[in-house]
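As provided, coords22.csv (CSV, C-alpha atoms and all ligand atoms) reads as follows.
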```csv
chain,number,residue,atom,x,y,z
A,1,MET,CA,12.3,-5.1,-7.2
A,2,ILE,CA,8.7,-4.3,-8.0
A,3,LYS,CA,7.4,-6.6,-10.7
A,4,HIS,CA,3.7,-5.9,-10.6
A,5,HIS,CA,2.4,-2.6,-11.9
A,6,PRO,CA,-1.1,-1.1,-12.7
A,7,LYS,CA,-2.2,-1.7,-16.3
A,8,LEU,CA,-2.0,1.2,-18.7
A,9,GLU,CA,-5.8,1.5,-18.8
A,10,LEU,CA,-5.9,1.9,-15.1
A,11,LEU,CA,-3.2,4.6,-15.2
A,12,GLN,CA,-5.1,6.4,-17.9
A,13,SER,CA,-8.3,6.3,-15.8
A,14,PHE,CA,-6.3,7.6,-12.9
A,15,VAL,CA,-5.0,10.6,-14.9
A,16,ASP,CA,-8.5,11.2,-16.3
A,17,GLY,CA,-9.8,11.3,-12.7
A,18,ASP,CA,-12.2,8.4,-13.4
A,19,LEU,CA,-11.3,6.1,-10.5
A,20,PRO,CA,-13.0,5.7,-7.2
A,21,ALA,CA,-10.9,7.3,-4.4
A,22,SER,CA,-9.8,3.9,-3.1
A,23,LEU,CA,-8.2,2.8,-6.4
A,24,ALA,CA,-6.8,6.3,-7.1
A,25,ALA,CA,-5.1,6.1,-3.7
A,26,GLY,CA,-3.7,2.7,-4.6
A,27,ILE,CA,-2.2,4.1,-7.8
A,28,ALA,CA,-0.8,7.1,-6.0
A,29,ILE,CA,0.8,5.0,-3.3
A,30,HIS,CA,2.3,2.7,-5.9
A,31,ALA,CA,3.6,5.6,-8.0
A,32,ASP,CA,5.3,7.0,-4.9
A,33,MET,CA,7.2,3.7,-4.7
A,34,CYS,CA,7.7,3.1,-8.4
A,35,ALA,CA,9.7,5.6,-10.6
A,36,PHE,CA,8.6,3.7,-13.7
A,37,CYS,CA,4.9,4.3,-13.2
A,38,GLN,CA,5.5,7.8,-11.9
A,39,GLN,CA,7.1,8.6,-15.2
A,40,LYS,CA,4.2,7.0,-17.2
A,41,ILE,CA,1.7,9.0,-15.2
A,42,GLY,CA,3.7,12.1,-16.0
A,43,HIS,CA,3.6,11.4,-19.7
A,44,LEU,CA,-0.2,10.6,-19.6
A,45,THR,CA,-0.8,13.8,-17.7
A,46,GLU,CA,1.0,15.9,-20.3
A,47,GLN,CA,-1.0,14.2,-23.0
A,48,VAL,CA,-4.3,15.1,-21.2
A,49,ALA,CA,-3.1,18.7,-20.7
A,50,GLU,CA,-2.1,19.0,-24.4
A,51,ALA,CA,-5.4,17.6,-25.5
A,52,SER,CA,-7.5,20.0,-23.4
A,53,PHE,CA,-5.2,22.9,-24.4
A,54,GLU,CA,-5.9,22.1,-28.1
A,55,GLN,CA,-9.6,22.0,-27.3
A,56,ASP,CA,-9.4,25.4,-25.6
A,57,LEU,CA,-7.9,26.8,-28.8
A,58,SER,CA,-10.8,25.6,-31.0
A,59,PRO,CA,-12.9,28.5,-32.3
A,60,LYS,CA,-16.0,27.5,-30.3
A,61,SER,CA,-14.4,27.7,-26.9
A,62,ALA,CA,-11.9,30.5,-27.7
A,63,VAL,CA,-13.7,33.0,-25.5
A,64,ILE,CA,-11.7,33.6,-22.4
A,65,ASP,CA,-13.7,35.4,-19.8
A,66,ILE,CA,-11.6,37.1,-17.2
A,67,SER,CA,-13.5,39.5,-14.9
A,68,PRO,CA,-12.1,43.0,-14.8
A,69,GLU,CA,-11.3,42.8,-11.1
A,70,ILE,CA,-9.2,39.6,-11.5
A,71,SER,CA,-7.3,40.9,-14.5
A,72,ALA,CA,-6.4,44.1,-12.6
A,73,MET,CA,-4.9,42.1,-9.8
A,74,SER,CA,-1.3,41.3,-9.6
A,75,PHE,CA,-0.3,37.7,-9.3
A,76,ASP,CA,0.7,38.1,-5.7
A,77,GLU,CA,-2.7,39.6,-4.9
A,78,ILE,CA,-4.4,36.6,-6.5
A,79,ILE,CA,-2.3,34.2,-4.5
A,80,ASP,CA,-3.0,36.2,-1.3
A,81,GLN,CA,-6.7,36.0,-1.9
A,82,ILE,CA,-6.6,32.3,-2.6
A,83,THR,CA,-4.6,31.5,0.5
A,84,ALA,CA,-6.8,33.9,2.6
A,85,SER,CA,-9.9,31.9,1.7
A,86,ASN,CA,-11.2,29.5,4.4
A,87,ASP,CA,-11.5,26.7,1.9
A,88,VAL,CA,-7.8,26.5,1.1
A,89,GLU,CA,-5.4,25.4,3.7
A,90,PRO,CA,-1.9,26.7,3.1
A,91,ALA,CA,0.3,23.7,2.3
A,92,ALA,CA,2.1,22.5,5.4
A,93,VAL,CA,5.8,22.5,5.0
A,94,VAL,CA,6.5,19.7,7.5
A,95,HIS,CA,4.6,16.5,7.1
A,96,GLU,CA,4.3,14.5,10.2
A,97,GLU,CA,4.5,10.7,9.8
A,98,ARG,CA,1.6,8.6,10.8
A,99,LEU,CA,2.5,5.3,12.4
A,100,ILE,CA,0.3,2.3,12.8
A,101,THR,CA,1.0,-0.8,14.9
A,102,PHE,CA,-0.4,-4.3,14.2
A,103,LYS,CA,0.6,-7.1,16.6
A,104,GLY,CA,3.5,-5.1,17.9
A,105,MET,CA,4.9,-4.4,14.4
A,106,GLU,CA,5.1,-0.7,13.6
A,107,TYR,CA,4.6,0.7,10.1
A,108,THR,CA,4.7,4.2,8.6
A,109,LEU,CA,1.6,4.9,6.6
A,110,PRO,CA,2.1,6.1,3.0
A,111,ASN,CA,1.6,9.8,2.6
A,112,THR,CA,-1.5,9.3,0.6
A,113,LEU,CA,-3.3,7.6,3.5
A,114,ARG,CA,-2.0,9.9,6.2
A,115,ASN,CA,-5.2,12.0,6.6
A,116,MET,CA,-7.7,9.2,5.9
A,117,GLU,CA,-10.0,8.1,8.6
A,118,LEU,CA,-9.1,4.6,10.0
A,119,GLY,CA,-11.5,2.3,11.8
A,120,LYS,CA,-10.7,0.2,14.8
A,121,THR,CA,-8.5,-2.8,14.2
A,122,ALA,CA,-10.2,-6.2,14.2
A,123,GLN,CA,-8.4,-9.5,14.4
A,124,ILE,CA,-8.9,-13.2,13.5
A,125,GLY,CA,-5.9,-15.3,14.2
A,126,LYS,CA,-2.8,-13.8,12.4
A,127,LEU,CA,-5.0,-11.5,10.4
A,128,SER,CA,-5.6,-7.9,11.5
A,129,ARG,CA,-7.6,-5.4,9.6
A,130,ALA,CA,-8.3,-1.7,9.9
A,131,ARG,CA,-11.0,-0.2,7.6
A,132,LEU,CA,-10.4,3.0,5.7
A,133,ASN,CA,-13.7,4.8,5.7
A,134,LEU,CA,-14.0,6.2,2.2
A,135,GLY,CA,-17.8,5.8,2.0
A,136,GLU,CA,-17.7,3.9,-1.4
A,137,GLY,CA,-20.6,1.5,-0.7
A,138,GLU,CA,-19.8,-2.0,-1.9
A,139,ILE,CA,-16.1,-1.0,-2.5
A,140,HIS,CA,-14.3,-1.8,0.8
A,141,THR,CA,-10.8,-0.5,1.5
A,142,ASN,CA,-8.6,-2.0,4.3
A,143,LEU,CA,-5.2,-2.1,5.7
A,144,LEU,CA,-4.6,-5.8,6.1
A,145,HIS,CA,-1.8,-7.1,8.2
A,146,ILE,CA,-0.8,-10.8,8.1
A,147,GLY,CA,1.4,-11.8,11.0
A,148,PRO,CA,4.6,-13.9,10.6
A,149,GLY,CA,3.7,-17.4,9.4
A,150,GLY,CA,0.2,-16.3,8.5
A,151,SER,CA,-1.8,-17.0,5.3
A,152,ILE,CA,-5.1,-16.4,3.7
A,153,PRO,CA,-6.9,-19.7,2.6
A,154,GLU,CA,-7.1,-20.3,-1.2
A,155,HIS,CA,-9.8,-18.1,-2.6
A,156,THR,CA,-11.2,-16.5,-5.8
A,157,HIS,CA,-13.0,-13.2,-6.1
A,158,LYS,CA,-16.5,-12.5,-7.2
A,159,GLY,CA,-15.5,-8.9,-8.0
A,160,PHE,CA,-12.1,-7.4,-8.1
A,161,GLU,CA,-9.4,-7.3,-5.4
A,162,LEU,CA,-6.5,-5.0,-5.3
A,163,THR,CA,-3.6,-5.9,-3.0
A,164,LEU,CA,-0.9,-3.4,-2.8
A,165,LEU,CA,2.0,-4.6,-0.6
A,166,LEU,CA,3.1,-1.7,1.6
A,167,ALA,CA,5.7,-3.5,3.7
A,168,GLY,CA,7.2,-7.0,4.2
A,169,THR,CA,6.8,-9.8,1.6
A,170,PHE,CA,4.3,-12.5,0.8
A,171,ALA,CA,4.2,-15.3,-1.7
A,172,ASP,CA,1.5,-17.2,-3.7
A,173,GLU,CA,1.5,-19.6,-6.6
A,174,GLN,CA,2.8,-16.8,-8.8
A,175,GLY,CA,5.9,-16.2,-6.7
A,176,GLU,CA,7.2,-13.7,-4.2
A,177,TYR,CA,5.9,-10.2,-3.8
A,178,VAL,CA,7.8,-7.1,-2.5
A,179,ALA,CA,6.7,-3.7,-1.1
A,180,GLY,CA,5.2,-1.7,-3.9
A,181,ASP,CA,3.8,-4.6,-5.9
A,182,PHE,CA,0.4,-3.8,-7.2
A,183,ILE,CA,-1.7,-6.9,-7.7
A,184,MET,CA,-5.1,-6.6,-9.3
A,185,LEU,CA,-7.1,-9.8,-9.3
A,186,ASP,CA,-10.5,-10.6,-10.6
A,187,LYS,CA,-12.8,-13.7,-10.6
A,188,ARG,CA,-10.6,-15.6,-13.0
A,189,HIS,CA,-7.8,-15.8,-10.6
A,190,GLN,CA,-7.4,-17.8,-7.4
A,191,HIS,CA,-4.6,-17.6,-5.0
A,192,GLN,CA,-3.4,-18.4,-1.5
A,193,PRO,CA,-1.0,-15.7,-0.2
A,194,ALA,CA,1.3,-16.6,2.7
A,195,THR,CA,3.9,-14.6,4.5
A,196,GLU,CA,7.0,-15.8,6.4
A,197,HIS,CA,7.9,-12.6,8.3
A,198,GLY,CA,4.6,-10.7,8.2
A,199,CYS,CA,3.4,-8.1,5.8
A,200,LEU,CA,1.1,-5.0,5.6
A,201,CYS,CA,-1.2,-4.6,2.5
A,202,TYR,CA,-3.6,-1.9,1.3
A,203,THR,CA,-6.5,-3.8,-0.1
A,204,VAL,CA,-9.6,-2.7,-2.1
A,205,ALA,CA,-12.3,-5.2,-3.0
A,206,ASN,CA,-15.9,-4.9,-4.3
A,207,ASP,CA,-17.1,-8.3,-3.1
A,208,ALA,CA,-16.4,-10.8,-0.4
A,209,LEU,CA,-13.8,-13.4,-1.2
A,210,HIS,CA,-15.0,-16.8,-2.3
A,211,PHE,CA,-13.1,-19.7,-0.8
A,212,THR,CA,-12.3,-22.7,-3.0
A,213,GLN,CA,-11.1,-25.3,-0.5
A,214,GLY,CA,-13.2,-27.5,1.7
A,215,ILE,CA,-14.8,-26.4,4.9
A,216,ASN,CA,-16.1,-23.3,3.1
A,217,LYS,CA,-18.6,-22.5,5.7
A,218,LEU,CA,-15.9,-22.4,8.3
A,219,LEU,CA,-13.8,-20.0,6.3
A,220,ASN,CA,-16.6,-17.7,5.2
A,221,PRO,CA,-16.1,-15.4,8.3
A,222,ILE,CA,-12.6,-14.8,7.1
A,223,GLY,CA,-14.0,-13.9,3.6
A,224,ALA,CA,-16.3,-11.3,5.2
A,225,PHE,CA,-13.5,-10.2,7.5
A,226,ILE,CA,-11.0,-9.5,4.7
A,227,TYR,CA,-13.6,-7.8,2.5
B,301,ZN,ZN,4.9,0.6,-11.3
```
Using the file provided, produce a representation of the structure as structure tokens.
Ligand SMILES: [Zn+2]
Amino acid sequence: MIKHHPKLELLQSFVDGDLPASLAAGIAIHADMCAFCQQKIGHLTEQVAEASFEQDLSPKSAVIDISPEISAMSFDEIIDQITASNDVEPAAVVHEERLITFKGMEYTLPNTLRNMELGKTAQIGKLSRARLNLGEGEIHTNLLHIGPGGSIPEHTHKGFELTLLLAGTFADEQGEYVAGDFIMLDKRHQHQPATEHGCLCYTVANDALHFTQGINKLLNPIGAFIY
């Protein structure tokens, strides 16, 4: 069962459209796997809609400007015009699954990530990483696969790190995590995730990881790799 959810403030920012694409995608993936958060997002969205509706009814913004051409059109004509535009693709009825393979283990990508551009897979030991090219500067987004028996050395974060477990399980000092768990860490936390049977994570971080154990210099390439 999923135990780790995005905080309410994060859900609120998601509904308000204030999150970078990487974090918004993380929330959307989690909500697809978590009925509880899906419902919360539904409530928050209703609240936002009501608030903006009330604003629209205030005297200052009560002028609704509908051009004569539009108001003369039937609903079907409006829809036809929208779908005829080059900018709007008609919604595809059948969604094809997109599969990704790491070290011979095959995974289905979440719908949210299906159309995102994925970089080449890089590997260090049991870690494999494919970047999602979202063009968000210092915010880096990856698919991170840890092979069976693999782990990430104990580390802290200079910025934040979101780990969203997509498949498999891993454990750290806090316990075991399952698919759907949404783990947001900042520099106050430190952890050492390890997986017995392998796992696939969606990760978003805005700074390289900082390793807390000895032989730091040796481990630094892993920090840059994961970030
Ligand atoms: Zn949730």
Please identify all polymer residues within 10 Å of A:Gly168, counting all atoms listed in the file, omitting same-chain residues fewer than 4 positions from it, and present them as a VMD selection string.
-> chain A and resid 145 to 146 148 177 to 180 195 to 201
How would the residues just picked look written out with C-alpha atoms as a PDB file, in the frame of the given file?
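The result, written out as result-v6.pdb:
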```
ATOM      1  CA  HIS A 145      -1.800  -7.100   8.200  1.00  0.00           C
ATOM      2  CA  ILE A 146      -0.800 -10.800   8.100  1.00  0.00           C
ATOM      3  CA  PRO A 148       4.600 -13.900  10.600  1.00  0.00           C
ATOM      4  CA  TYR A 177       5.900 -10.200  -3.800  1.00  0.00           C
ATOM      5  CA  VAL A 178       7.800  -7.100  -2.500  1.00  0.00           C
ATOM      6  CA  ALA A 179       6.700  -3.700  -1.100  1.00  0.00           C
ATOM      7  CA  GLY A 180       5.200  -1.700  -3.900  1.00  0.00           C
ATOM      8  CA  THR A 195       3.900 -14.600   4.500  1.00  0.00           C
ATOM      9  CA  GLU A 196       7.000 -15.800   6.400  1.00  0.00           C
ATOM     10  CA  HIS A 197       7.900 -12.600   8.300  1.00  0.00           C
ATOM     11  CA  GLY A 198       4.600 -10.700   8.200  1.00  0.00           C
ATOM     12  CA  CYS A 199       3.400  -8.100   5.800  1.00  0.00           C
ATOM     13  CA  LEU A 200       1.100  -5.000   5.600  1.00  0.00           C
ATOM     14  CA  CYS A 201      -1.200  -4.600   2.500  1.00  0.00           C
TER      15      CYS A 201
END
```
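The gap separating atom CA of A:Gly175 from atom CA of A:Ile2 is 12.3 Å, in Å to one decimal.
With only C-alpha atoms as the atoms that count, the minimum distance from A:Cys37 to the choices A:Glu54, A:Arg98, A:Ala122, A:Asp181 is reached by A:Asp181.
A distance cut-off of 6 Å from ligand ZN 301 (chain B), applied to all atoms listed in the file, picks out the residues A:His5, A:Cys34, A:Phe36, A:Cys37.
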Near A:Met105, counting only C-alpha atoms, which residues have an atom at most 9 Å away, once you skip same-chain residues fewer than 4 positions from it, shown as a PyMOL selection string?
-> chain A and resi 100-101+147+198
Rank A:Glu50, A:Leu164, A:Gln39, A:Ser151 by their smallest atom-to-atom distance to A:Gln192, using only C-alpha atoms, and report the top residue only.
-> A:Ser151
Which residues of stretch 77-183 of chain A come within 10 Å of stretch 13-27 of chain A, and for each one, what is the closest pair of atoms and their distance in Å to one decimal, counting only C-alpha atoms, sorted by chain and residue number, as JSON lines?
```
{"residue": "A:Pro110", "atom": "CA", "partner": "A:Ala25", "partner_atom": "CA", "distance": 9.8}
{"residue": "A:Asn111", "atom": "CA", "partner": "A:Ala25", "partner_atom": "CA", "distance": 9.9}
{"residue": "A:Thr112", "atom": "CA", "partner": "A:Ala25", "partner_atom": "CA", "distance": 6.5}
{"residue": "A:Leu113", "atom": "CA", "partner": "A:Ala25", "partner_atom": "CA", "distance": 7.6}
{"residue": "A:Leu132", "atom": "CA", "partner": "A:Ser22", "partner_atom": "CA", "distance": 8.9}
{"residue": "A:Asn133", "atom": "CA", "partner": "A:Ser22", "partner_atom": "CA", "distance": 9.7}
{"residue": "A:Leu134", "atom": "CA", "partner": "A:Ser22", "partner_atom": "CA", "distance": 7.1}
{"residue": "A:Gly135", "atom": "CA", "partner": "A:Ala21", "partner_atom": "CA", "distance": 9.5}
{"residue": "A:Glu136", "atom": "CA", "partner": "A:Pro20", "partner_atom": "CA", "distance": 7.7}
{"residue": "A:Ile139", "atom": "CA", "partner": "A:Ser22", "partner_atom": "CA", "distance": 8.0}
{"residue": "A:His140", "atom": "CA", "partner": "A:Ser22", "partner_atom": "CA", "distance": 8.2}
{"residue": "A:Thr141", "atom": "CA", "partner": "A:Ser22", "partner_atom": "CA", "distance": 6.4}
{"residue": "A:Asn142", "atom": "CA", "partner": "A:Ser22", "partner_atom": "CA", "distance": 9.5}
{"residue": "A:Leu162", "atom": "CA", "partner": "A:Leu23", "partner_atom": "CA", "distance": 8.1}
{"residue": "A:Thr163", "atom": "CA", "partner": "A:Gly26", "partner_atom": "CA", "distance": 8.7}
{"residue": "A:Leu164", "atom": "CA", "partner": "A:Gly26", "partner_atom": "CA", "distance": 6.9}
{"residue": "A:Gly180", "atom": "CA", "partner": "A:Gly26", "partner_atom": "CA", "distance": 10.0}
{"residue": "A:Phe182", "atom": "CA", "partner": "A:Gly26", "partner_atom": "CA", "distance": 8.1}
```
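Atom CA of A:Leu8 to atom CA of A:Glu176 spans 22.7 Å [interatomic distance, one decimal].
Atom CA of A:Asp207 is found 6.6 Å from atom CA of A:Tyr227.
When all atoms listed in the file are used to compute distances to A:Leu127, the closest of the residues A:Leu166, A:Leu143, A:Ile183, A:Ala28 turns out to be A:Leu143.
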Which polymer residues have any atom within 9 Å of an atom of A:Leu44, counting all atoms listed in the file, with same-chain residues fewer than 2 positions away left out, as an NGL selection string?
-> :A and (11-12 or 15-16 or 39-42 or 46-49)
